[in-house]
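Undergrad: If it helps, the file is called work_15.cif and holds mmCIF, C-alpha atoms and all ligand atoms:
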```cif
data_run
loop_
_atom_site.label_atom_id
_atom_site.label_comp_id
_atom_site.auth_asym_id
_atom_site.auth_seq_id
_atom_site.Cartn_x
_atom_site.Cartn_y
_atom_site.Cartn_z
CA MET A 1407 147.21 32.66 209.90
CA LEU A 1408 148.17 32.62 213.56
CA ASN A 1409 151.34 34.32 214.75
CA PRO A 1410 154.50 32.27 214.22
CA VAL A 1411 155.50 29.81 216.92
CA LYS A 1412 158.62 30.98 218.75
CA VAL A 1413 161.47 28.54 219.16
CA GLY A 1414 164.53 28.73 221.40
CA ILE A 1415 167.50 26.59 220.51
CA LEU A 1416 170.16 25.29 222.90
CA GLY A 1417 173.30 24.69 220.85
CA LEU A 1418 174.18 26.25 217.51
CA GLY A 1419 176.67 23.63 216.32
CA THR A 1420 176.34 21.39 213.27
CA VAL A 1421 172.80 20.19 213.98
CA GLY A 1422 171.61 23.55 215.36
CA GLY A 1423 172.90 25.32 212.24
CA GLY A 1424 171.30 22.66 210.03
CA THR A 1425 167.96 23.07 211.78
CA VAL A 1426 167.91 26.85 211.39
CA HIS A 1427 168.97 26.45 207.77
CA VAL A 1428 166.08 24.05 207.02
CA LEU A 1429 163.59 26.32 208.81
CA GLN A 1430 164.77 29.32 206.81
CA ARG A 1431 165.04 27.79 203.39
CA ASN A 1432 161.70 25.96 203.55
CA ALA A 1433 159.87 28.56 205.66
CA GLU A 1434 156.91 28.88 203.33
CA GLU A 1435 156.34 25.15 202.86
CA ILE A 1436 156.74 24.58 206.59
CA ALA A 1437 154.16 27.27 207.45
CA ARG A 1438 151.71 25.77 204.94
CA ARG A 1439 152.10 22.41 206.66
CA ALA A 1440 152.09 23.60 210.27
CA GLY A 1441 149.33 26.16 209.83
CA ARG A 1442 151.61 28.94 211.04
CA GLY A 1443 155.23 30.00 210.78
CA ILE A 1444 157.98 28.57 212.96
CA VAL A 1445 160.84 30.93 213.80
CA VAL A 1446 163.90 30.64 215.98
CA THR A 1447 163.78 33.73 218.16
CA HIS A 1448 166.40 32.77 220.77
CA ALA A 1449 169.58 30.75 220.50
CA CYS A 1450 172.17 29.79 223.05
CA ALA A 1451 175.66 29.37 221.59
CA LYS A 1452 179.04 28.64 223.20
CA GLU A 1453 180.59 31.81 221.81
CA LEU A 1454 178.93 34.97 220.59
CA ASN A 1455 181.94 36.27 218.66
CA LYS A 1456 181.97 33.34 216.27
CA THR A 1457 180.03 33.72 213.02
CA HIS A 1458 176.79 31.79 213.13
CA PRO A 1459 175.86 31.50 209.46
CA TYR A 1460 172.13 31.23 209.96
CA SER A 1461 171.57 33.72 212.75
CA THR A 1462 169.29 36.62 211.84
CA ASP A 1463 168.66 40.10 213.24
CA GLU A 1464 165.46 38.81 214.86
CA MET A 1465 167.32 36.04 216.69
CA VAL A 1466 168.51 36.86 220.22
CA LEU A 1467 171.90 35.20 220.77
CA THR A 1468 173.01 34.39 224.28
CA THR A 1469 175.51 32.21 226.12
CA GLN A 1470 173.07 31.64 229.01
CA LEU A 1471 170.94 28.50 228.73
CA SER A 1472 168.43 29.84 231.24
CA GLU A 1473 167.72 32.84 229.00
CA VAL A 1474 166.17 30.38 226.57
CA VAL A 1475 164.50 27.78 228.81
CA SER A 1476 163.01 30.36 231.15
CA ASN A 1477 162.09 32.91 228.52
CA PRO A 1478 158.31 33.51 228.55
CA GLU A 1479 158.43 34.31 224.82
CA VAL A 1480 159.71 30.86 223.84
CA ASP A 1481 157.06 28.21 223.06
CA ILE A 1482 159.31 25.32 222.02
CA VAL A 1483 162.87 24.56 223.16
CA ILE A 1484 165.20 22.55 220.92
CA GLU A 1485 167.79 20.77 223.06
CA LEU A 1486 171.02 20.11 221.14
CA LEU A 1487 173.54 20.19 223.98
CA GLY A 1488 174.30 16.47 224.01
CA GLY A 1489 175.26 14.53 227.13
CA THR A 1490 173.01 13.64 230.01
CA THR A 1491 173.81 16.14 232.75
CA ILE A 1492 173.25 19.78 231.77
CA ALA A 1493 171.01 18.67 228.92
CA ARG A 1494 168.79 16.78 231.36
CA GLU A 1495 168.65 19.70 233.75
CA MET A 1496 167.73 22.09 230.95
CA MET A 1497 165.12 19.77 229.53
CA LEU A 1498 163.43 19.32 232.90
CA GLN A 1499 163.55 23.08 233.47
CA ALA A 1500 161.99 23.77 230.09
CA ILE A 1501 159.24 21.23 230.82
CA ALA A 1502 158.65 22.72 234.28
CA ASN A 1503 158.30 26.10 232.56
CA GLY A 1504 155.55 24.63 230.37
CA LYS A 1505 157.59 24.50 227.17
CA HIS A 1506 157.48 21.76 224.57
CA VAL A 1507 160.86 20.24 223.82
CA VAL A 1508 162.40 18.81 220.67
CA THR A 1509 165.67 16.92 221.03
CA ALA A 1510 168.23 14.91 219.08
CA ASN A 1511 169.74 13.58 222.30
CA LYS A 1512 169.55 9.79 222.11
CA ALA A 1513 171.62 9.23 225.26
CA LEU A 1514 169.33 11.46 227.28
CA ILE A 1515 166.13 9.80 226.04
CA ALA A 1516 167.54 6.26 226.37
CA LYS A 1517 168.80 6.82 229.92
CA HIS A 1518 166.31 9.28 231.40
CA GLY A 1519 163.37 9.20 229.00
CA ASN A 1520 161.00 7.45 231.42
CA ASP A 1521 161.30 10.31 233.93
CA ILE A 1522 161.37 13.01 231.27
CA PHE A 1523 158.16 11.71 229.66
CA ALA A 1524 156.46 11.44 233.05
CA ALA A 1525 157.36 15.07 233.80
CA ALA A 1526 156.14 16.15 230.35
CA GLN A 1527 152.91 14.20 230.78
CA GLU A 1528 152.23 15.91 234.08
CA LYS A 1529 152.82 19.33 232.55
CA GLY A 1530 150.84 18.54 229.40
CA VAL A 1531 153.79 19.28 227.10
CA MET A 1532 155.38 17.26 224.33
CA VAL A 1533 158.90 15.93 224.10
CA ALA A 1534 159.68 15.00 220.51
CA PHE A 1535 162.79 13.05 219.54
CA GLU A 1536 162.67 11.96 215.89
CA ALA A 1537 166.27 13.09 215.37
CA ALA A 1538 167.52 10.86 218.18
CA VAL A 1539 167.36 7.67 216.10
CA ALA A 1540 168.89 7.28 212.63
CA GLY A 1541 169.28 11.04 212.05
CA GLY A 1542 167.13 12.04 209.09
CA ILE A 1543 165.18 8.79 208.65
CA PRO A 1544 161.65 9.27 210.03
CA ILE A 1545 161.84 5.92 211.83
CA ILE A 1546 160.22 7.06 215.08
CA LYS A 1547 157.14 8.19 213.23
CA ALA A 1548 157.11 5.05 211.08
CA VAL A 1549 157.23 2.68 214.05
CA ARG A 1550 155.05 4.75 216.38
CA GLU A 1551 152.37 5.86 213.95
CA GLY A 1552 152.82 4.20 210.56
CA LEU A 1553 152.89 0.69 212.03
CA ALA A 1554 150.35 1.31 214.80
CA GLY A 1555 148.09 -1.44 213.46
CA ASN A 1556 150.79 -4.10 213.61
CA LYS A 1557 152.28 -6.39 216.16
CA ILE A 1558 155.99 -5.74 215.67
CA GLU A 1559 158.05 -8.92 215.77
CA TRP A 1560 161.60 -7.64 215.44
CA ILE A 1561 163.73 -4.72 214.35
CA ALA A 1562 167.29 -4.95 213.02
CA GLY A 1563 169.11 -1.77 212.12
CA ILE A 1564 172.36 -0.23 211.04
CA ILE A 1565 171.99 2.69 213.41
CA ASN A 1566 175.53 3.92 213.82
CA GLY A 1567 176.89 5.49 210.67
CA THR A 1568 180.46 5.69 211.94
CA SER A 1569 180.71 1.93 212.56
CA ASN A 1570 179.11 1.20 209.21
CA PHE A 1571 181.51 3.59 207.50
CA ILE A 1572 184.51 1.92 209.16
CA LEU A 1573 183.37 -1.62 208.27
CA THR A 1574 182.64 -0.59 204.68
CA GLU A 1575 186.02 1.10 204.16
CA MET A 1576 187.88 -1.81 205.76
CA ARG A 1577 186.10 -4.27 203.48
CA ASP A 1578 186.25 -2.29 200.22
CA LYS A 1579 189.59 -0.54 200.52
CA GLY A 1580 191.41 -2.66 203.09
CA SER A 1581 191.80 0.58 205.10
CA GLN A 1582 193.10 0.57 208.64
CA PHE A 1583 190.58 0.97 211.45
CA ALA A 1584 192.24 4.08 212.95
CA ASP A 1585 192.47 5.90 209.60
CA VAL A 1586 188.78 5.42 208.83
CA LEU A 1587 187.78 6.50 212.31
CA ALA A 1588 189.82 9.69 211.90
CA GLU A 1589 188.06 10.33 208.58
CA ALA A 1590 184.63 9.85 210.22
CA GLN A 1591 185.64 12.36 212.90
CA ARG A 1592 186.79 14.82 210.25
CA LEU A 1593 183.46 14.48 208.45
CA GLY A 1594 181.60 15.19 211.71
CA TYR A 1595 179.83 11.80 211.97
CA ALA A 1596 181.58 10.43 215.03
CA GLU A 1597 180.46 11.15 218.59
CA ARG A 1598 182.56 13.46 220.75
CA ASP A 1599 183.81 10.31 222.45
CA PRO A 1600 184.35 7.92 219.51
CA ALA A 1601 184.19 4.94 221.88
CA PHE A 1602 180.42 5.55 221.83
CA ASP A 1603 180.45 4.69 218.12
CA ILE A 1604 182.95 1.84 217.96
CA GLU A 1605 181.93 0.14 221.22
CA GLY A 1606 178.24 0.16 220.38
CA VAL A 1607 177.02 2.63 223.01
CA ASP A 1608 175.46 5.05 220.52
CA ALA A 1609 173.67 2.19 218.73
CA ALA A 1610 172.48 0.90 222.11
CA HIS A 1611 170.95 4.29 222.93
CA LYS A 1612 169.03 4.23 219.66
CA LEU A 1613 168.00 0.58 220.00
CA THR A 1614 166.64 1.22 223.49
CA ILE A 1615 164.29 3.81 222.01
CA LEU A 1616 163.22 1.62 219.08
CA ALA A 1617 162.46 -1.34 221.36
CA SER A 1618 160.20 0.75 223.58
CA LEU A 1619 158.31 2.10 220.60
CA ALA A 1620 157.99 -1.35 219.06
CA PHE A 1621 156.91 -3.34 222.11
CA GLY A 1622 155.45 -0.78 224.51
CA ILE A 1623 158.06 -1.38 227.21
CA PRO A 1624 159.77 1.21 229.42
CA LEU A 1625 163.19 2.46 228.22
CA GLN A 1626 165.87 0.14 229.60
CA PHE A 1627 169.27 1.20 228.30
CA GLU A 1628 171.12 -0.57 231.11
CA LYS A 1629 169.84 -3.95 229.88
CA VAL A 1630 171.14 -3.69 226.30
CA TYR A 1631 173.91 -6.15 225.43
CA MET A 1632 176.67 -4.15 223.70
CA GLU A 1633 179.56 -5.25 221.56
CA GLY A 1634 181.41 -2.93 219.18
CA ILE A 1635 183.42 -3.45 216.02
CA THR A 1636 186.93 -3.17 217.44
CA LYS A 1637 187.60 -6.94 217.38
CA ILE A 1638 186.53 -7.56 213.80
CA SER A 1639 189.54 -8.80 211.85
CA PRO A 1640 190.12 -8.58 208.08
CA GLU A 1641 190.30 -12.41 208.13
CA ASP A 1642 186.73 -12.70 209.42
CA VAL A 1643 185.50 -10.17 206.87
CA GLN A 1644 187.16 -12.29 204.15
CA TYR A 1645 185.86 -15.69 205.39
CA ALA A 1646 182.35 -14.30 205.87
CA SER A 1647 182.45 -13.07 202.29
CA GLU A 1648 183.55 -16.51 201.01
CA LEU A 1649 180.51 -17.99 202.72
CA GLY A 1650 178.15 -15.39 201.20
CA TYR A 1651 177.83 -13.02 204.16
CA ILE A 1652 178.72 -9.44 205.02
CA ILE A 1653 179.57 -8.34 208.56
CA LYS A 1654 177.41 -5.43 209.72
CA HIS A 1655 177.14 -3.78 213.10
CA LEU A 1656 173.48 -4.22 213.99
CA GLY A 1657 171.10 -3.22 216.73
CA ILE A 1658 168.58 -6.05 217.09
CA THR A 1659 165.46 -6.23 219.22
CA LYS A 1660 163.08 -9.18 219.07
CA ARG A 1661 159.92 -10.27 220.80
CA THR A 1662 160.22 -13.93 221.87
CA ASP A 1663 158.03 -16.19 224.01
CA ASN A 1664 160.44 -15.69 226.92
CA GLY A 1665 160.96 -11.96 226.71
CA ILE A 1666 162.60 -9.25 224.64
CA GLU A 1667 166.03 -9.55 223.04
CA LEU A 1668 167.92 -6.27 223.11
CA ARG A 1669 171.40 -6.48 221.62
CA VAL A 1670 174.00 -4.55 219.64
CA HIS A 1671 176.88 -6.45 218.01
CA PRO A 1672 178.67 -7.29 214.76
CA THR A 1673 176.49 -9.69 212.78
CA LEU A 1674 176.90 -11.79 209.67
CA VAL A 1675 174.08 -10.96 207.25
CA PRO A 1676 173.46 -12.86 203.97
CA ASN A 1677 174.94 -10.69 201.22
CA LYS A 1678 171.72 -10.73 199.19
CA ARG A 1679 169.75 -8.86 201.86
CA LEU A 1680 169.20 -5.16 201.22
CA LEU A 1681 170.45 -4.40 204.71
CA ALA A 1682 173.79 -6.05 203.91
CA ASN A 1683 174.22 -3.57 201.07
CA VAL A 1684 173.79 -0.42 203.12
CA ASP A 1685 177.25 1.03 202.92
CA GLY A 1686 179.27 3.96 204.17
CA VAL A 1687 177.77 6.29 206.70
CA MET A 1688 174.17 5.49 205.72
CA ASN A 1689 171.70 4.02 208.20
CA ALA A 1690 168.87 1.56 207.59
CA VAL A 1691 166.27 -0.02 209.83
CA LEU A 1692 164.48 -3.24 208.91
CA VAL A 1693 161.18 -3.88 210.69
CA GLN A 1694 159.31 -7.18 210.71
CA ALA A 1695 155.66 -6.59 211.54
CA ASP A 1696 152.79 -9.09 211.41
CA ALA A 1697 150.45 -7.26 209.04
CA LEU A 1698 152.89 -5.38 206.80
CA GLY A 1699 155.67 -7.98 206.75
CA GLN A 1700 159.10 -6.49 206.27
CA SER A 1701 159.72 -2.81 205.60
CA LEU A 1702 163.08 -1.10 205.28
CA TYR A 1703 163.82 2.54 206.10
CA TYR A 1704 167.05 3.87 204.60
CA GLY A 1705 168.74 7.26 204.66
CA ALA A 1706 171.28 9.58 206.20
CA GLY A 1707 171.79 8.80 209.87
CA ALA A 1708 173.76 11.95 210.67
CA GLY A 1709 174.71 15.35 209.29
CA ALA A 1710 173.43 18.90 209.61
CA LEU A 1711 170.56 18.97 207.13
CA PRO A 1712 169.32 15.36 207.54
CA THR A 1713 169.18 15.74 211.32
CA GLY A 1714 167.71 19.23 210.87
CA SER A 1715 165.03 17.63 208.71
CA SER A 1716 163.91 15.41 211.60
CA ILE A 1717 164.01 18.25 214.11
CA VAL A 1718 161.89 20.46 211.90
CA ALA A 1719 159.39 17.62 211.37
CA ASP A 1720 159.04 17.45 215.15
CA LEU A 1721 158.59 21.22 215.34
CA VAL A 1722 155.78 20.96 212.80
CA ASP A 1723 154.17 18.12 214.77
CA VAL A 1724 154.34 20.06 218.02
CA THR A 1725 153.01 23.20 216.35
CA ARG A 1726 150.04 21.34 214.87
CA THR A 1727 149.05 19.92 218.23
CA LEU A 1728 149.57 23.01 220.39
CA THR A 1729 145.85 23.42 220.78
CA THR A 1730 145.08 19.71 221.19
CA ASP A 1731 144.00 18.25 224.49
CA PRO A 1732 147.27 16.70 225.81
CA GLY A 1733 145.45 13.41 226.45
CA ASN A 1734 144.76 13.06 222.73
CA ARG A 1735 148.30 13.58 221.50
CA VAL A 1736 150.43 10.73 220.13
CA PRO A 1737 151.97 9.10 223.22
CA HIS A 1738 155.72 9.58 223.63
CA LEU A 1739 156.49 5.86 223.48
CA ALA A 1740 153.76 4.89 220.99
CA PHE A 1741 151.65 3.11 223.63
CA GLN A 1742 149.55 4.96 226.20
CA PRO A 1743 151.71 5.55 229.32
CA ASN A 1744 149.45 3.38 231.48
CA ALA A 1745 149.57 0.59 228.89
CA LEU A 1746 153.35 0.05 228.92
CA VAL A 1747 154.22 -3.51 229.96
CA ASP A 1748 157.28 -4.67 231.81
CA LEU A 1749 158.26 -7.63 229.62
CA PRO A 1750 161.54 -9.21 230.74
CA ILE A 1751 164.66 -8.29 228.76
CA LEU A 1752 166.58 -11.48 228.07
CA PRO A 1753 170.20 -11.73 229.21
CA ILE A 1754 172.50 -12.32 226.23
CA GLU A 1755 173.07 -16.00 227.26
CA GLU A 1756 169.37 -16.64 226.64
CA ILE A 1757 169.11 -15.19 223.14
CA GLU A 1758 168.82 -17.45 220.12
CA SER A 1759 171.00 -16.92 217.07
CA SER A 1760 173.13 -18.70 214.49
CA TYR A 1761 176.88 -18.33 214.85
CA TYR A 1762 180.06 -17.97 212.83
CA LEU A 1763 182.90 -19.73 214.64
CA ARG A 1764 186.55 -19.55 213.65
CA LEU A 1765 189.19 -21.63 215.30
CA SER A 1766 192.80 -22.48 214.76
CA ALA A 1767 193.16 -26.29 214.78
CA TRP A 1768 196.20 -28.54 214.70
CA ASP A 1769 196.25 -30.15 211.26
CA LYS A 1770 196.10 -33.69 212.65
CA LEU A 1771 193.73 -36.66 212.49
CA GLY A 1772 190.94 -36.57 215.06
CA VAL A 1773 190.99 -32.86 216.05
CA MET A 1774 187.98 -31.96 213.92
CA ALA A 1775 186.13 -35.06 215.16
CA GLN A 1776 186.63 -33.83 218.75
CA VAL A 1777 185.35 -30.36 217.83
CA THR A 1778 182.25 -31.64 216.05
CA ASN A 1779 181.52 -34.03 218.96
CA ILE A 1780 181.63 -31.13 221.43
CA LEU A 1781 179.27 -29.13 219.24
CA SER A 1782 176.83 -31.98 218.94
CA ASP A 1783 177.00 -32.70 222.71
CA ASN A 1784 175.82 -29.11 223.20
CA GLY A 1785 172.98 -29.42 220.72
CA ILE A 1786 174.73 -27.32 218.06
CA SER A 1787 174.21 -28.33 214.48
CA ILE A 1788 176.71 -27.21 211.81
CA GLU A 1789 175.33 -25.61 208.68
CA ALA A 1790 178.59 -25.00 206.80
CA LEU A 1791 182.24 -25.72 207.43
CA ILE A 1792 185.42 -24.70 205.64
CA GLN A 1793 188.95 -25.65 206.46
CA LYS A 1794 191.61 -23.37 205.01
CA GLU A 1795 194.92 -24.61 203.55
CA PRO A 1796 197.77 -24.38 206.07
CA ILE A 1797 199.80 -21.23 205.35
CA CYS A 1798 203.42 -22.02 204.33
CA GLY A 1799 203.56 -25.39 206.08
CA ALA A 1800 202.12 -24.07 209.39
CA ALA A 1801 201.00 -26.75 211.84
CA HIS A 1802 197.62 -25.06 212.43
CA VAL A 1803 194.80 -24.36 210.02
CA SER A 1804 191.87 -21.99 210.27
CA VAL A 1805 188.52 -23.71 210.45
CA VAL A 1806 185.37 -21.69 209.93
CA MET A 1807 181.91 -22.98 210.80
CA LEU A 1808 178.39 -21.65 210.59
CA THR A 1809 175.86 -23.10 213.00
CA HIS A 1810 172.11 -23.45 212.91
CA LYS A 1811 170.13 -21.45 215.48
CA VAL A 1812 170.88 -22.27 219.08
CA VAL A 1813 170.61 -20.62 222.50
CA GLU A 1814 173.78 -18.62 223.16
CA LYS A 1815 174.69 -20.30 226.45
CA GLN A 1816 175.09 -23.61 224.58
CA VAL A 1817 177.61 -21.99 222.24
CA ASN A 1818 179.49 -20.48 225.16
CA LYS A 1819 179.73 -23.90 226.83
CA ALA A 1820 180.95 -25.53 223.63
CA ILE A 1821 183.54 -22.79 223.03
CA GLN A 1822 184.92 -23.18 226.56
CA THR A 1823 185.38 -26.92 226.03
CA ILE A 1824 186.84 -26.53 222.52
CA GLU A 1825 189.41 -23.97 223.73
CA LYS A 1826 190.71 -26.55 226.23
CA LEU A 1827 191.52 -29.13 223.54
CA ASP A 1828 195.22 -29.79 222.93
CA GLY A 1829 194.67 -29.57 219.20
CA ILE A 1830 193.21 -26.03 219.36
CA SER A 1831 195.37 -22.94 219.55
CA GLY A 1832 194.17 -19.65 221.03
CA GLN A 1833 190.60 -18.48 221.37
CA VAL A 1834 187.59 -19.30 219.25
CA THR A 1835 186.21 -16.26 217.39
CA ARG A 1836 182.44 -16.08 217.65
CA ILE A 1837 180.24 -13.70 215.63
CA ARG A 1838 176.44 -13.90 215.62
CA LEU A 1839 174.64 -14.49 212.35
CA GLU A 1840 171.11 -13.43 211.44
CA MET A 1841 169.25 -14.55 208.31
CA LEU A 1842 166.79 -11.61 208.66
CA ASP A 1843 164.11 -13.51 206.77
CA GLY A 1844 160.42 -13.18 207.40
N1 LIG A 1901 177.79 9.18 215.77
C1 LIG A 1901 176.51 8.91 215.22
C2 LIG A 1901 176.67 7.97 214.04
C3 LIG A 1901 175.85 10.21 214.79
O1 LIG A 1901 177.81 7.74 213.61
O2 LIG A 1901 175.69 7.42 213.57
C4 LIG A 1901 174.37 10.13 214.62
O3 LIG A 1901 173.71 9.73 215.77
#
```
Kindly transcribe the structure held in the file into structure tokens.
TA:
Amino acid sequence: MLNPVKVGILGLGTVGGGTVHVLQRNAEEIARRAGRGIVVTHACAKELNKTHPYSTDEMVLTTQLSEVVSNPEVDIVIELLGGTTIAREMMLQAIANGKHVVTANKALIAKHGNDIFAAAQEKGVMVAFEAAVAGGIPIIKAVREGLAGNKIEWIAGIINGTSNFILTEMRDKGSQFADVLAEAQRLGYAERDPAFDIEGVDAAHKLTILASLAFGIPLQFEKVYMEGITKISPEDVQYASELGYIIKHLGITKRTDNGIELRVHPTLVPNKRLLANVDGVMNAVLVQADALGQSLYYGAGAGALPTGSSIVADLVDVTRTLTTDPGNRVPHLAFQPNALVDLPILPIEEIESSYYLRLSAWDKLGVMAQVTNILSDNGISIEALIQKEPICGAAHVSVVMLTHKVVEKQVNKAIQTIEKLDGISGQVTRIRLEMLDG
């Protein structure tokens, strides 16, 4: 067997520790798969005095990033710094030094991946990022390699565990938003800035990557439509449930005749779909492809060992191809770099969806007729409608409607007109709805 491949790791936190743990405990199996051993020889940590449970006598510990990325002994650098500034600098330095890179940094790939891959291509090195999307689920490999014979039609995924955990706890236990978020932080699932989780930014990073792999388009994070879960009310969760739906925070990307839809938002999903039953911190990605049909990938989207599992899989991949002609390696974004196409990304007003609408209407003859007329004037057909009993003699009642599919700008126009009616109080709540059928 060849000498072991030497790995330098930037960041020995939760994921770094998990990665070293997986490498150590499965060392023999990993070497049998990769054709040679894989050992972490250098690690950069924030503090050297702290105990690092998986450090060994053979591992050089340092606080200097450059001692890893510029070290001639290191073959592969694992970037686990997070963020897009120092991490980007270090990644580009490692590439310039001819090192292969493995990363879990979704923000970095989503925002700067096009340049990073170009630099790697020029240097003939690999940048592997399985851990960047859905933690331990091998979704990158599935979409990039497993589905390579298919035309992918759409992807819909629960790709932020923290949001899914919050929605699940609110629904099942009636817990308060802030309490569940604090619990997710305590468990180590939430991002350093939890706004990334609850406002949809983290999911948007991951969706950007999935869309490029699915459709062979450049990474375009800035064009993702983002909406988080902060405005979901217990009322809407309850009404959705009465109508047979569960509210999930989804990342959705679809190929349409006019371009690519790229959107992250709360979505009503029929409660019989498997995706609707993915609860807690788990992730799941549903892919609709022309030859295979639907396939669902489910598993842990965060955590030390699950994320370590993905990182080690990338290390094995890189190790196996060290001697391959760079031109014959699996392309970073699934399609050959010169075969990427610049399909337009549709603005959110142009996407097509069904909608859940909730409004507060004056309980008086003619108000509903006005509302339904406005909907029909805008080409919106109602699929279901429920009017709730007025609470304790209140003058207004909640009306909930589900629409058939329509272009979003039509719904926006209708909502604007409905909100101006005398018989309507406050704003209309609008949540997108996806049937997720074949
Ligand atoms: N904050 C992320 C999540 C961690 O909750 O899914 C994994 O990317």
Undergrad: Just the residues within 7 Å of segment 1594-1609 of chain A, please, counting all atoms listed in the file, with nothing from its chain fewer than 5 positions along; format it as a PyMOL selection string.
TA: chain A and resi 1565-1566+1568-1569+1632-1636+1657+1670+1708-1709
Undergrad: For ligand LIG 1901 (chain A), which residue out of A:Lys1547, A:Lys1512, A:Arg1838, A:Arg1577 is the nearest one, using all atoms listed in the file?
TA: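 Using all atoms listed in the file, ligand LIG 1901 (chain A) sits closest to A:Lys1512.
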Undergrad: Suppose you want the space between atom CA of Ile1444 of chain A and atom CA of Gly1504 of chain A; what is it in Å?
TA: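 Result for atom CA of Ile1444 of chain A versus atom CA of Gly1504 of chain A: 18.0 Å, one decimal.
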Undergrad: Identify which of the residues A:His1655, A:Arg1679, A:Arg1661, A:His1458 lies closest to ligand LIG 1901 (chain A), counting all atoms listed in the file when measuring atom-to-atom distances.
TA: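 Ranked by minimum distance to ligand LIG 1901 (chain A), first place goes to A:His1655.
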Undergrad: Return the single residue from A:Ile1543, A:Ile1788, A:Val1724, A:Ala1440 that is closest to Leu1408 of chain A, with distances computed using all atoms listed in the file.
TA: A:Ala1440
Undergrad: Using all atoms of ligand LIG 1901 (chain A) listed in the file and a margin of 5 Å per side, can you give the axis-aligned box centre and edge lengths in Å to one decimal, as JSON?
TA:
```
{"center_x": 175.8, "center_y": 8.8, "center_z": 214.7, "size_x": 14.1, "size_y": 12.8, "size_z": 12.2}
```
Undergrad: Quick one: distance from atom CA of Thr1778 of chain A to atom CA of Ser1647 of chain A in Å, one decimal?
TA: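 Between atom CA of Thr1778 of chain A and atom CA of Ser1647 of chain A the gap is 23.1 Å.
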Undergrad: Restricting the calculation to all atoms listed in the file: of A:His1448, A:Arg1442, A:Lys1612, A:Arg1764, which residue gets closest to ligand LIG 1901 (chain A)?
TA: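 Of all the options, A:Lys1612 lies closest to ligand LIG 1901 (chain A).
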Undergrad: To one decimal place in Å, what is the distance between atom CA of Ile1545 of chain A and atom CA of Leu1668 of chain A?
TA: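 Computing it gives 17.7 Å between the two atoms.
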Undergrad: Identify which of the residues A:Val1687, A:Gly1423, A:Val1549, A:Ala1502 lies closest to ligand LIG 1901 (chain A), counting all atoms listed in the file when measuring atom-to-atom distances.
TA: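 Ranking A:Val1687, A:Gly1423, A:Val1549, A:Ala1502 by distance to ligand LIG 1901 (chain A), first place goes to A:Val1687.
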Undergrad: Taking 3 positions as the minimum chain separation for residues in the same chain, which residues sit within 12 Å of Asn1432 of chain A when counting only C-alpha atoms? Answer as a list in words.
TA: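 Close residues of Asn1432 of chain A: Thr1425, Val1426, His1427, Val1428, Leu1429, Glu1435, Ile1436, Ala1437, Arg1438, Arg1439, Ala1440, Gly1443, Ile1444, Val1445, Leu1711, Gly1714, Ser1715, Val1718 and Ala1719 of chain A.
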Undergrad: For Pro1478 of chain A, find every residue with an atom within 12 Å (counting only C-alpha atoms), except residues of its own chain fewer than 5 positions away, and show them as a count of residues only.
TA: 12
Undergrad: Dig up all the protein and nucleic acid residues within 12 Å of (161.9, 23.7, 227.6) in the file frame, using all atoms listed in the file, and format them as a ChimeraX atom specification.
TA: /A:1412-1416,1471-1486,1493-1509,1522,1525-1526,1529,1531-1534
Undergrad: Identify, on the basis of all atoms listed in the file, every residue whose closest approach to Leu1656 of chain A does not exceed 7 Å; exclude the query and any residue fewer than 6 positions from it along the same chain; express the result as JSON, numbers by chain.
TA: {"A": [1562, 1563, 1564, 1670, 1671, 1672, 1673]}
Undergrad: Would you mind telling me which residue in A:Lys1456, A:Lys1579, A:Lys1815, A:Lys1557 lies nearest to Glu1755 of chain A when using all atoms listed in the file?
TA: A:Lys1815
Undergrad: Contacts of Tyr1704 of chain A at 7 Å or less, counting all atoms listed in the file, minus same-chain residues fewer than 6 places along, as an mmCIF file with C-alpha atoms, in the coordinates of the input?
TA:
```cif
data_model
loop_
_atom_site.group_PDB
_atom_site.id
_atom_site.type_symbol
_atom_site.label_atom_id
_atom_site.label_comp_id
_atom_site.auth_asym_id
_atom_site.auth_seq_id
_atom_site.Cartn_x
_atom_site.Cartn_y
_atom_site.Cartn_z
ATOM 1 C CA ILE A 1543 165.180 8.790 208.650
ATOM 2 C CA ASN A 1689 171.700 4.020 208.200
ATOM 3 C CA ALA A 1690 168.870 1.560 207.590
ATOM 4 C CA VAL A 1691 166.270 -0.020 209.830
#
```
